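K.L.:
Next up, target-v1.cif (mmCIF, C-alpha atoms (C1' of nucleotides) and all ligand atoms).
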```cif
data_run
#
loop_
_atom_site.group_PDB
_atom_site.id
_atom_site.type_symbol
_atom_site.label_atom_id
_atom_site.label_comp_id
_atom_site.auth_asym_id
_atom_site.auth_seq_id
_atom_site.Cartn_x
_atom_site.Cartn_y
_atom_site.Cartn_z
ATOM 1 C CA MET A 1 34.393 -167.924 204.778
ATOM 2 C CA VAL A 2 31.099 -167.395 203.057
ATOM 3 C CA HIS A 3 29.524 -163.986 203.426
ATOM 4 C CA LYS A 4 25.947 -164.621 204.356
ATOM 5 C CA LEU A 5 24.924 -161.036 203.660
ATOM 6 C CA GLU A 6 24.836 -161.740 199.959
ATOM 7 C CA ASN A 7 22.256 -164.403 200.590
ATOM 8 C CA LEU A 8 19.889 -162.100 202.365
ATOM 9 C CA SER A 9 16.727 -161.125 200.566
ATOM 10 C CA LYS A 10 15.670 -157.541 200.013
ATOM 11 C CA ASN A 11 13.439 -157.271 203.057
ATOM 12 C CA GLN A 12 15.955 -159.036 205.239
ATOM 13 C CA GLN A 13 18.677 -156.594 204.237
ATOM 14 C CA ILE A 14 16.471 -153.586 204.860
ATOM 15 C CA VAL A 15 15.535 -154.786 208.322
ATOM 16 C CA LEU A 16 19.065 -155.824 209.226
ATOM 17 C CA ASN A 17 20.366 -152.472 208.109
ATOM 18 C CA ILE A 18 18.046 -150.612 210.442
ATOM 19 C CA ILE A 19 18.954 -152.780 213.401
ATOM 20 C CA GLU A 20 22.679 -152.473 212.745
ATOM 21 C CA LYS A 21 22.526 -148.715 212.476
ATOM 22 C CA ALA A 22 20.485 -148.314 215.636
ATOM 23 C CA LYS A 23 22.221 -147.347 218.845
ATOM 24 C CA GLY A 24 20.166 -149.676 220.975
ATOM 25 C CA PRO A 25 17.585 -152.416 220.742
ATOM 26 C CA VAL A 26 14.846 -151.799 218.205
ATOM 27 C CA LYS A 27 11.174 -152.660 218.373
ATOM 28 C CA ALA A 28 9.417 -154.421 215.547
ATOM 29 C CA TYR A 29 6.874 -151.682 214.985
ATOM 30 C CA SER A 30 9.542 -149.026 215.063
ATOM 31 C CA ILE A 31 11.223 -150.908 212.252
ATOM 32 C CA LEU A 32 7.926 -151.125 210.418
ATOM 33 C CA ASN A 33 7.505 -147.405 210.792
ATOM 34 C CA ASP A 34 10.965 -146.747 209.379
ATOM 35 C CA VAL A 35 10.584 -148.912 206.311
ATOM 36 C CA GLN A 36 7.187 -147.901 205.060
ATOM 37 C CA LYS A 37 8.834 -145.697 202.459
ATOM 38 C CA LYS A 38 10.826 -148.670 201.223
ATOM 39 C CA GLY A 39 7.918 -150.823 200.212
ATOM 40 C CA ILE A 40 7.377 -152.798 203.356
ATOM 41 C CA ASN A 41 3.832 -152.193 204.506
ATOM 42 C CA ALA A 42 2.830 -154.917 206.900
ATOM 43 C CA PRO A 43 3.991 -156.205 210.297
ATOM 44 C CA LEU A 44 4.340 -159.698 208.916
ATOM 45 C CA GLN A 45 6.974 -158.616 206.457
ATOM 46 C CA VAL A 46 9.043 -157.262 209.313
ATOM 47 C CA TYR A 47 8.468 -160.239 211.566
ATOM 48 C CA ARG A 48 9.425 -162.660 208.818
ATOM 49 C CA ALA A 49 12.672 -160.863 208.220
ATOM 50 C CA LEU A 50 13.334 -160.762 211.953
ATOM 51 C CA ASP A 51 12.726 -164.500 212.253
ATOM 52 C CA LYS A 52 15.197 -165.257 209.515
ATOM 53 C CA LEU A 53 17.835 -162.891 210.875
ATOM 54 C CA ILE A 54 17.524 -164.481 214.287
ATOM 55 C CA LYS A 55 17.775 -167.941 212.762
ATOM 56 C CA ILE A 56 21.056 -167.156 211.059
ATOM 57 C CA GLY A 57 22.434 -165.330 214.079
ATOM 58 C CA LYS A 58 22.619 -161.817 212.629
ATOM 59 C CA ILE A 59 20.376 -160.438 215.327
ATOM 60 C CA HIS A 60 19.030 -161.491 218.705
ATOM 61 C CA LYS A 61 15.777 -160.876 220.471
ATOM 62 C CA VAL A 62 16.027 -159.274 223.875
ATOM 63 C CA GLU A 63 13.172 -161.229 225.386
ATOM 64 C CA SER A 64 12.455 -159.084 228.406
ATOM 65 C CA ARG A 65 12.137 -156.034 226.170
ATOM 66 C CA ASN A 66 10.502 -157.441 223.058
ATOM 67 C CA ALA A 67 13.226 -155.790 221.065
ATOM 68 C CA PHE A 68 15.920 -156.742 218.612
ATOM 69 C CA ILE A 69 19.631 -156.097 218.574
ATOM 70 C CA ALA A 70 22.404 -156.792 216.079
ATOM 71 C CA CYS A 71 24.872 -159.505 217.013
ATOM 72 C CA LYS A 72 28.287 -158.141 217.853
ATOM 73 C CA ASN A 73 29.895 -161.505 218.271
ATOM 74 C CA THR A 74 31.665 -162.648 215.118
ATOM 75 C CA ASN A 75 31.706 -166.220 216.331
ATOM 76 C CA CYS A 76 28.036 -166.322 217.046
ATOM 77 C CA GLU A 77 26.591 -167.654 213.809
ATOM 78 C CA VAL A 78 23.476 -168.939 215.433
ATOM 79 C CA SER A 79 21.659 -167.496 218.378
ATOM 80 C CA ASN A 80 22.033 -170.480 220.649
ATOM 81 C CA ALA A 81 24.135 -169.011 223.406
ATOM 82 C CA THR A 82 23.302 -165.422 224.206
ATOM 83 C CA ALA A 83 23.876 -163.135 227.147
ATOM 84 C CA PHE A 84 22.965 -159.506 227.585
ATOM 85 C CA SER A 85 23.510 -156.748 230.052
ATOM 86 C CA ILE A 86 20.545 -154.430 230.397
ATOM 87 C CA CYS A 87 20.476 -151.096 232.173
ATOM 88 C CA GLN A 88 17.200 -150.688 234.018
ATOM 89 C CA ALA A 89 17.472 -146.912 233.902
ATOM 90 C CA CYS A 90 18.459 -145.995 230.345
ATOM 91 C CA GLU A 91 17.567 -149.325 228.723
ATOM 92 C CA LYS A 92 20.986 -149.639 227.147
ATOM 93 C CA VAL A 93 21.619 -153.234 226.094
ATOM 94 C CA THR A 94 25.005 -154.803 225.453
ATOM 95 C CA GLU A 95 25.704 -158.305 224.266
ATOM 96 C CA ILE A 96 28.090 -160.051 226.624
ATOM 97 C CA VAL A 97 30.854 -161.939 224.869
ATOM 98 C CA ASN A 98 32.686 -163.944 227.478
ATOM 99 C CA SER A 99 34.075 -167.361 226.718
ATOM 100 C CA LYS A 100 34.279 -168.424 230.354
ATOM 101 C CA LEU A 101 30.631 -167.660 230.841
ATOM 102 C CA SER A 102 29.570 -169.379 227.651
ATOM 103 C CA LYS A 103 31.668 -172.454 228.375
ATOM 104 C CA TYR A 104 30.211 -172.628 231.841
ATOM 105 C CA LEU A 105 26.643 -172.376 230.603
ATOM 106 C CA LYS A 106 27.073 -174.624 227.579
ATOM 107 C CA SER A 107 28.301 -177.392 229.809
ATOM 108 C CA PHE A 108 25.781 -176.794 232.555
ATOM 109 C CA GLN A 109 23.869 -179.887 233.585
ATOM 110 C CA ASP A 110 20.800 -179.770 235.751
ATOM 111 C CA SER A 111 19.646 -182.512 238.080
ATOM 112 C CA THR A 112 17.201 -183.995 235.568
ATOM 113 C CA GLY A 113 19.916 -184.768 233.059
ATOM 114 C CA MET A 114 18.261 -182.628 230.434
ATOM 115 C CA LYS A 115 20.759 -181.617 227.754
ATOM 116 C CA TYR A 116 20.487 -178.060 226.548
ATOM 117 C CA LYS A 117 20.787 -176.883 222.974
ATOM 118 C CA LYS A 118 20.412 -173.218 223.685
ATOM 119 C CA TYR A 119 20.325 -170.638 226.413
ATOM 120 C CA ASN A 120 19.574 -166.988 226.863
ATOM 121 C CA LEU A 121 20.753 -164.963 229.810
ATOM 122 C CA GLU A 122 19.769 -161.422 230.712
ATOM 123 C CA PHE A 123 21.505 -159.419 233.427
ATOM 124 C CA PHE A 124 19.895 -156.302 234.858
ATOM 125 C CA GLY A 125 21.420 -153.402 236.709
ATOM 126 C CA LEU A 126 22.697 -149.901 236.212
ATOM 127 C CA CYS A 127 25.265 -148.995 233.613
ATOM 128 C CA GLN A 128 28.257 -146.826 234.521
ATOM 129 C CA LYS A 129 26.541 -143.669 233.360
ATOM 130 C CA CYS A 130 23.333 -144.249 235.275
ATOM 131 C CA LYS A 131 25.121 -145.493 238.385
ATOM 132 C CA SER A 132 26.946 -142.202 238.778
ATOM 133 C CA LYS A 133 23.829 -140.054 238.633
ATOM 134 C CA MET O 1 9.325 -166.882 259.094
ATOM 135 C CA VAL O 2 6.492 -164.619 258.095
ATOM 136 C CA HIS O 3 3.850 -166.099 255.864
ATOM 137 C CA LYS O 4 3.265 -163.590 253.133
ATOM 138 C CA LEU O 5 0.156 -165.360 251.907
ATOM 139 C CA GLU O 6 -1.917 -163.745 254.622
ATOM 140 C CA ASN O 7 -0.962 -160.358 253.293
ATOM 141 C CA LEU O 8 -2.161 -161.065 249.812
ATOM 142 C CA SER O 9 -5.271 -159.321 248.625
ATOM 143 C CA LYS O 10 -8.267 -161.179 247.262
ATOM 144 C CA ASN O 11 -7.335 -160.884 243.593
ATOM 145 C CA GLN O 12 -3.731 -161.719 244.310
ATOM 146 C CA GLN O 13 -4.752 -164.903 246.111
ATOM 147 C CA ILE O 14 -7.090 -165.969 243.332
ATOM 148 C CA VAL O 15 -4.420 -165.496 240.695
ATOM 149 C CA LEU O 16 -1.704 -167.168 242.744
ATOM 150 C CA ASN O 17 -3.952 -170.108 243.408
ATOM 151 C CA ILE O 18 -4.494 -170.736 239.710
ATOM 152 C CA ILE O 19 -0.802 -170.539 238.931
ATOM 153 C CA GLU O 20 0.142 -172.843 241.786
ATOM 154 C CA LYS O 21 -2.396 -175.455 240.764
ATOM 155 C CA ALA O 22 -1.369 -175.396 237.115
ATOM 156 C CA LYS O 23 0.929 -178.099 235.801
ATOM 157 C CA GLY O 24 2.927 -175.729 233.669
ATOM 158 C CA PRO O 25 3.371 -172.061 232.896
ATOM 159 C CA VAL O 26 0.124 -170.114 232.608
ATOM 160 C CA LYS O 27 -0.760 -167.259 230.279
ATOM 161 C CA ALA O 28 -2.338 -164.069 231.562
ATOM 162 C CA TYR O 29 -5.434 -164.364 229.432
ATOM 163 C CA SER O 30 -5.887 -167.989 230.368
ATOM 164 C CA ILE O 31 -5.932 -166.848 233.983
ATOM 165 C CA LEU O 32 -8.424 -164.144 233.094
ATOM 166 C CA ASN O 33 -10.607 -166.728 231.451
ATOM 167 C CA ASP O 34 -10.500 -168.943 234.531
ATOM 168 C CA VAL O 35 -11.431 -166.232 236.999
ATOM 169 C CA GLN O 36 -14.310 -164.533 235.282
ATOM 170 C CA LYS O 37 -16.710 -166.450 237.502
ATOM 171 C CA LYS O 38 -14.897 -165.143 240.564
ATOM 172 C CA GLY O 39 -15.515 -161.491 239.937
ATOM 173 C CA ILE O 40 -12.401 -160.576 238.009
ATOM 174 C CA ASN O 41 -13.460 -159.163 234.685
ATOM 175 C CA ALA O 42 -10.615 -157.230 233.190
ATOM 176 C CA PRO O 43 -7.050 -157.933 232.034
ATOM 177 C CA LEU O 44 -5.701 -155.189 234.261
ATOM 178 C CA GLN O 45 -6.948 -156.908 237.378
ATOM 179 C CA VAL O 46 -4.967 -159.986 236.398
ATOM 180 C CA TYR O 47 -1.861 -158.068 235.354
ATOM 181 C CA ARG O 48 -1.859 -156.087 238.564
ATOM 182 C CA ALA O 49 -1.999 -159.235 240.628
ATOM 183 C CA LEU O 50 0.734 -160.778 238.495
ATOM 184 C CA ASP O 51 2.964 -157.742 238.963
ATOM 185 C CA LYS O 52 2.616 -157.908 242.709
ATOM 186 C CA LEU O 53 3.185 -161.664 242.868
ATOM 187 C CA ILE O 54 6.335 -161.267 240.784
ATOM 188 C CA LYS O 55 7.508 -158.441 242.999
ATOM 189 C CA ILE O 56 7.263 -160.532 246.145
ATOM 190 C CA GLY O 57 8.768 -163.588 244.490
ATOM 191 C CA LYS O 58 5.729 -165.866 244.560
ATOM 192 C CA ILE O 59 5.771 -166.294 240.809
ATOM 193 C CA HIS O 60 8.116 -165.670 237.915
ATOM 194 C CA LYS O 61 7.564 -164.635 234.351
ATOM 195 C CA VAL O 62 8.987 -166.964 231.736
ATOM 196 C CA GLU O 63 10.011 -164.211 229.358
ATOM 197 C CA SER O 64 10.423 -166.215 226.192
ATOM 198 C CA ARG O 65 6.922 -167.621 226.621
ATOM 199 C CA ASN O 66 5.029 -164.676 228.056
ATOM 200 C CA ALA O 67 3.806 -166.992 230.741
ATOM 201 C CA PHE O 68 3.875 -167.235 234.499
ATOM 202 C CA ILE O 69 4.988 -169.975 236.841
ATOM 203 C CA ALA O 70 4.910 -170.453 240.596
ATOM 204 C CA CYS O 71 8.224 -170.214 242.397
ATOM 205 C CA LYS O 72 9.400 -173.556 243.721
ATOM 206 C CA ASN O 73 12.395 -172.165 245.471
ATOM 207 C CA THR O 74 11.712 -171.544 249.157
ATOM 208 C CA ASN O 75 14.735 -169.281 249.398
ATOM 209 C CA CYS O 76 13.725 -167.144 246.479
ATOM 210 C CA GLU O 77 11.787 -164.352 248.128
ATOM 211 C CA VAL O 78 12.336 -161.974 245.295
ATOM 212 C CA SER O 79 12.680 -162.757 241.631
ATOM 213 C CA ASN O 80 16.170 -161.435 241.213
ATOM 214 C CA ALA O 81 18.009 -164.600 240.327
ATOM 215 C CA THR O 82 16.003 -166.969 238.186
ATOM 216 C CA ALA O 83 16.829 -169.864 235.906
ATOM 217 C CA PHE O 84 14.519 -172.105 233.930
ATOM 218 C CA SER O 85 14.733 -175.187 231.811
ATOM 219 C CA ILE O 86 12.301 -175.167 228.921
ATOM 220 C CA CYS O 87 11.428 -178.102 226.685
ATOM 221 C CA GLN O 88 11.078 -176.929 223.118
ATOM 222 C CA ALA O 89 8.780 -179.831 222.288
ATOM 223 C CA CYS O 90 6.241 -180.089 225.101
ATOM 224 C CA GLU O 91 6.832 -176.625 226.572
ATOM 225 C CA LYS O 92 7.381 -178.026 230.031
ATOM 226 C CA VAL O 93 9.139 -175.476 232.210
ATOM 227 C CA THR O 94 11.072 -176.175 235.382
ATOM 228 C CA GLU O 95 12.723 -173.704 237.680
ATOM 229 C CA ILE O 96 16.356 -174.557 238.188
ATOM 230 C CA VAL O 97 17.499 -174.352 241.785
ATOM 231 C CA ASN O 98 21.240 -174.745 241.821
ATOM 232 C CA SER O 99 23.378 -172.868 244.265
ATOM 233 C CA LYS O 100 26.576 -173.257 242.240
ATOM 234 C CA LEU O 101 24.904 -171.723 239.229
ATOM 235 C CA SER O 102 23.370 -168.881 241.188
ATOM 236 C CA LYS O 103 26.603 -168.124 242.993
ATOM 237 C CA TYR O 104 28.435 -168.100 239.693
ATOM 238 C CA LEU O 105 25.948 -165.744 238.096
ATOM 239 C CA LYS O 106 25.475 -163.483 241.094
ATOM 240 C CA SER O 107 29.187 -162.828 241.177
ATOM 241 C CA PHE O 108 29.612 -162.529 237.434
ATOM 242 C CA GLN O 109 31.417 -159.395 236.347
ATOM 243 C CA ASP O 110 31.523 -158.230 232.777
ATOM 244 C CA SER O 111 34.273 -156.183 231.208
ATOM 245 C CA THR O 112 32.473 -152.864 231.706
ATOM 246 C CA GLY O 113 32.395 -153.257 235.478
ATOM 247 C CA MET O 114 28.631 -153.041 235.542
ATOM 248 C CA LYS O 115 27.252 -154.531 238.736
ATOM 249 C CA TYR O 116 24.138 -156.620 238.346
ATOM 250 C CA LYS O 117 21.152 -156.641 240.643
ATOM 251 C CA LYS O 118 19.221 -159.306 238.861
ATOM 252 C CA TYR O 119 19.438 -161.949 236.196
ATOM 253 C CA ASN O 120 17.192 -164.298 234.325
ATOM 254 C CA LEU O 121 18.436 -167.377 232.512
ATOM 255 C CA GLU O 122 16.461 -169.640 230.215
ATOM 256 C CA PHE O 123 17.784 -172.952 228.947
ATOM 257 C CA PHE O 124 16.171 -174.675 225.985
ATOM 258 C CA GLY O 125 16.291 -178.295 224.904
ATOM 259 C CA LEU O 126 14.334 -181.503 225.091
ATOM 260 C CA CYS O 127 13.119 -182.998 228.321
ATOM 261 C CA GLN O 128 13.662 -186.693 229.068
ATOM 262 C CA LYS O 129 10.228 -187.646 227.791
ATOM 263 C CA CYS O 130 10.533 -185.786 224.504
ATOM 264 C CA LYS O 131 14.124 -186.875 223.945
ATOM 265 C CA SER O 132 13.142 -190.522 223.942
ATOM 266 C CA LYS O 133 10.433 -190.158 221.314
ATOM 267 C "C1'" DT B 1 -10.514 -138.887 262.539
ATOM 268 C "C1'" DA B 2 -7.308 -137.885 259.102
ATOM 269 C "C1'" DA B 3 -3.909 -139.116 256.039
ATOM 270 C "C1'" DC B 4 -1.597 -142.177 253.191
ATOM 271 C "C1'" DG B 5 -0.566 -145.984 250.415
ATOM 272 C "C1'" DT B 6 -2.546 -150.030 248.213
ATOM 273 C "C1'" DT B 7 -5.986 -152.344 245.877
ATOM 274 C "C1'" DT B 8 -10.034 -152.457 243.139
ATOM 275 C "C1'" DG B 9 -13.240 -151.676 239.250
ATOM 276 C "C1'" DT B 10 -14.056 -150.063 234.675
ATOM 277 C "C1'" DT B 11 -13.609 -148.498 229.901
ATOM 278 C "C1'" DA B 12 -10.778 -147.832 226.323
ATOM 279 C "C1'" DT B 13 -6.708 -148.437 223.735
ATOM 280 C "C1'" DA B 14 -1.812 -149.540 222.769
ATOM 281 C "C1'" DA B 15 1.669 -152.754 221.528
ATOM 282 C "C1'" DT B 16 3.163 -157.171 219.991
ATOM 283 C "C1'" DA B 17 2.550 -161.083 217.010
ATOM 284 C "C1'" DT B 18 0.397 -164.682 213.914
ATOM 285 C "C1'" DA B 19 -3.188 -167.014 210.529
ATOM 286 C "C1'" DA B 20 -4.459 -167.837 206.002
ATOM 287 C "C1'" DC B 21 -4.044 -167.446 201.266
ATOM 288 C "C1'" DA B 22 -2.325 -166.158 196.671
ATOM 289 C "C1'" DT B 23 1.732 -165.064 194.162
ATOM 290 C "C1'" DT B 24 6.559 -164.426 192.938
ATOM 291 C "C1'" DT B 25 11.309 -165.220 193.189
ATOM 292 C "C1'" DT B 26 15.277 -168.109 193.778
ATOM 293 C "C1'" DA B 27 17.783 -172.289 194.019
ATOM 294 C "C1'" DT B 28 18.425 -177.168 192.569
ATOM 295 C "C1'" DA B 29 18.720 -180.668 189.630
ATOM 296 C "C1'" DA B 30 16.807 -183.778 185.990
ATOM 297 C "C1'" DT Z 1 16.357 -175.783 179.564
ATOM 298 C "C1'" DT Z 2 12.599 -177.049 182.016
ATOM 299 C "C1'" DA Z 3 10.544 -178.859 185.799
ATOM 300 C "C1'" DT Z 4 10.317 -178.834 190.611
ATOM 301 C "C1'" DA Z 5 10.901 -177.576 195.137
ATOM 302 C "C1'" DA Z 6 12.063 -174.199 198.608
ATOM 303 C "C1'" DA Z 7 12.125 -169.583 200.130
ATOM 304 C "C1'" DA Z 8 10.389 -165.105 200.137
ATOM 305 C "C1'" DT Z 9 6.771 -161.758 199.214
ATOM 306 C "C1'" DG Z 10 2.364 -159.178 199.460
ATOM 307 C "C1'" DT Z 11 -2.011 -158.546 201.568
ATOM 308 C "C1'" DT Z 12 -5.986 -158.580 204.651
ATOM 309 C "C1'" DA Z 13 -7.604 -159.798 208.770
ATOM 310 C "C1'" DT Z 14 -7.201 -161.188 213.410
ATOM 311 C "C1'" DA Z 15 -5.133 -162.924 217.723
ATOM 312 C "C1'" DT Z 16 -2.455 -162.109 221.732
ATOM 313 C "C1'" DT Z 17 -0.245 -159.467 225.218
ATOM 314 C "C1'" DA Z 18 -0.166 -155.354 227.941
ATOM 315 C "C1'" DT Z 19 -1.003 -150.494 229.607
ATOM 316 C "C1'" DA Z 20 -3.390 -145.641 230.172
ATOM 317 C "C1'" DA Z 21 -6.440 -142.974 232.699
ATOM 318 C "C1'" DC Z 22 -9.690 -142.144 236.158
ATOM 319 C "C1'" DA Z 23 -12.761 -142.826 240.192
ATOM 320 C "C1'" DA Z 24 -13.756 -145.361 244.203
ATOM 321 C "C1'" DA Z 25 -12.980 -148.449 248.142
ATOM 322 C "C1'" DC Z 26 -10.040 -150.515 251.537
ATOM 323 C "C1'" DG Z 27 -6.399 -151.071 255.141
ATOM 324 C "C1'" DT Z 28 -3.056 -149.297 257.997
ATOM 325 C "C1'" DT Z 29 -1.182 -146.192 261.028
ATOM 326 C "C1'" DA Z 30 -0.675 -141.522 263.495
HETATM 327 ZN ZN ZN A 201 25.464 -162.665 219.220
HETATM 328 ZN ZN ZN A 202 22.050 -146.698 231.944
HETATM 329 ZN ZN ZN A 203 11.896 -168.885 242.226
HETATM 330 ZN ZN ZN A 204 9.251 -182.227 226.603
#
```
If you took the structure in this file and wrote it as structure tokens, what would it be?
Ligand SMILES: [Zn+2]
Ligand SMILES: [Zn+2]
Ligand SMILES: [Zn+2]
Ligand SMILES: [Zn+2]
P.N.:
Amino acid sequence: MVHKLENLSKNQQIVLNIIEKAKGPVKAYSILNDVQKKGINAPLQVYRALDKLIKIGKIHKVESRNAFIACKNTNCEVSNATAFSICQACEKVTEIVNSKLSKYLKSFQDSTGMKYKKYNLEFFGLCQKCKSK
Amino acid sequence: MVHKLENLSKNQQIVLNIIEKAKGPVKAYSILNDVQKKGINAPLQVYRALDKLIKIGKIHKVESRNAFIACKNTNCEVSNATAFSICQACEKVTEIVNSKLSKYLKSFQDSTGMKYKKYNLEFFGLCQKCKSK
DNA sequence: TAACGTTTGTTATAATATAACATTTTATAA
DNA sequence: TTATAAAATGTTATATTATAACAAACGTTA
């Protein structure tokens, strides 16, 4: 197996590092803020790195939150089948890795016969912690 | 059955009307642009109407597009179980109404035992038209 | 009427994201 | 190695999406 990390550029590694170390989803401008000491000065530099990292499946965008999260799924080399659980109270986000779910959705056919290349699913509710408050 | 339309305020009706007449998803600032002759001048007036319309299930937000679409599902009184098919070429968006899918997702349980109140699913691919080009 | 919740109007500003252009670095291959 | 193409960078400016804060008006119900 080829380790893609070695192929990442400087900016891409810096941005990935921040997202991987974070405890939850990270916002683009929070990343920008964190890296201004490391030579990245402009939003575009962050967004370009984010785009690439998404493309190669290292991170995902949590669409409903405009935030980014590291991929925890070793099989998920491209972000074409993603599912997340999102706590509406504490905003904790967890990537759902569930082969039954992904098989079900990958093979889903709608009435129009449209064939899907990609899906993104977001579940909302209360996590264990917040439920018991 | 109670017709909620009668309960809508002036701004809410104006905004809903535009979204229902549109052929595809509509952006907030495009709505704002369209209604400036009708006495709505500020983004907030549009966003407030959008929020309410989402809350009562008249429209949905297509998260990956930051756009809004009228609900076609007569059963869907609240936006707590939504699925869309999105063409990556022409940006056509269709709400998927499929009881098997919604039953499957409503009863989905992840490993943490978190119980979900709401989900949103977006499928991406090419529609019939764009596939055959 | 009084009280309450909802909606409105308005100004300002925050947060998220891309356009356009010049340059540099890296990979590929003649 | 040198040429060439592809990818990444740096920079300035701008576009797009969304909310804060406050005062006033409206609609419902007690
Ligand atoms: Zn993943
Ligand atoms: Zn929580
Ligand atoms: Zn609907
Ligand atoms: Zn299409």
K.L.:
Can you tell me which residues surround DA12 of chain B at a distance of at most 12 Å, considering only C-alpha atoms (C1' of nucleotides), apart from same-chain residues fewer than 5 positions away, and format the answer as a list in words?
P.N.:
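Surrounding residues, per the criterion: Ala42 and Leu44 of chain O; DT19, DA20, DA21 and DC22 of chain Z.
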K.L.:
Do you know which residues the PyMOL selection byres ((chain O) within 8 of (chain A and not hetatm)) returns on this file, as a PyMOL selection string?
P.N.:
chain O and resi 63-64+96+98+110+112-128
K.L.:
Using only C-alpha atoms (C1' of nucleotides) and all ligand atoms, which protein or nucleic acid residues are at most 8 Å from ligand ZN 203 (chain A), as number ranges by chain?
P.N.:
O: 57-60, 70-79, 81-82, 95, 97
K.L.:
Just checking: using only C-alpha atoms and all ligand atoms, which residue out of O:Lys92, O:Lys38, O:Lys100, O:Lys21 ends up closest to ligand ZN 204 (chain A)?
P.N.:
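Looking at the shortest contact to ligand ZN 204 (chain A), the residue is O:Lys92.
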K.L.:
At a cut-off of 9 Å, which residues of chain O touch chain B? Count only C-alpha atoms (C1' of nucleotides) and give the answer as a list of chain:residue names.
P.N.:
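Result: O:Ser9, O:Asn11, O:Asn41, O:Ala42, O:Gln45.
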K.L.:
Please, could you write that set of residues out with C-alpha atoms as a compact mmCIF listing (two decimals), in the coordinates of the input?
P.N.:
```txt
# COMPACT_ATOMS: atom_id res chain seq x y z
CA SER O 9 -5.27 -159.32 248.62
CA ASN O 11 -7.34 -160.88 243.59
CA ASN O 41 -13.46 -159.16 234.68
CA ALA O 42 -10.62 -157.23 233.19
CA GLN O 45 -6.95 -156.91 237.38
```
K.L.:
Please indicate the distance in Å from atom CA of Val26 of chain A to atom C1' of DG10 of chain Z, rounded to one decimal place.
P.N.:
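Going from atom CA of Val26 of chain A over to atom C1' of DG10 of chain Z covers 23.7 Å.
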K.L.:
Selected by the PyMOL selection byres ((chain Z) within 9 of (chain A and not hetatm)) in the shown coordinates: which residues, as a ChimeraX atom specification?
P.N.:
/Z:8-11
K.L.:
Next, write the just-selected residues to a file, as a tab-separated table (two decimals), in the frame of the given file, keeping C-alpha atoms (C1' of nucleotides) as the atom set.
P.N.:
```
chain	number	residue	atom	x	y	z
Z	8	DA	C1'	10.39	-165.10	200.14
Z	9	DT	C1'	6.77	-161.76	199.21
Z	10	DG	C1'	2.36	-159.18	199.46
Z	11	DT	C1'	-2.01	-158.55	201.57
```
K.L.:
To one decimal in Å, tell me the separation between atom ZN of ligand ZN 201 (chain A) and atom CA of Asn17 of chain A.
P.N.:
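Interatomic distance here is 15.9 Å.
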K.L.:
Quote the spacing between atom CA of Lys55 of chain O and atom CA of Lys37 of chain O in Å to one decimal place.
P.N.:
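That distance, rounded to one decimal, is 26.1 Å.
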K.L.:
Using the file's own x, y and z axes, what box holds all listed atoms of segment 2-6 of chain Z with 6 Å on each side, keeping edges along x, y and z, and what are its centre and edge lengths in Å to one decimal, as AutoDock Vina command-line options?
P.N.:
```
--center_x 11.5 --center_y -176.5 --center_z 190.3 --size_x 14.3 --size_y 16.7 --size_z 28.6
```
K.L.:
Run the PyMOL selection byres (((chain O and resi 18) around 10) and not hetatm) mentally over the shown coordinates, then write out the matched residues as a ChimeraX atom specification, using the chain letters and numbers from the document.
P.N.:
/O:13-17,19-23,26,30-31,34-35,69-70
K.L.:
Could you please give me, as a PyMOL selection string, the residues of protein, DNA or RNA lying at most 6 Å from (-3.2, -157.9, 228.0) in the coordinate frame of the file, considering only C-alpha atoms (C1' of nucleotides)?
P.N.:
(chain O and resi 43) or (chain Z and resi 17-18)
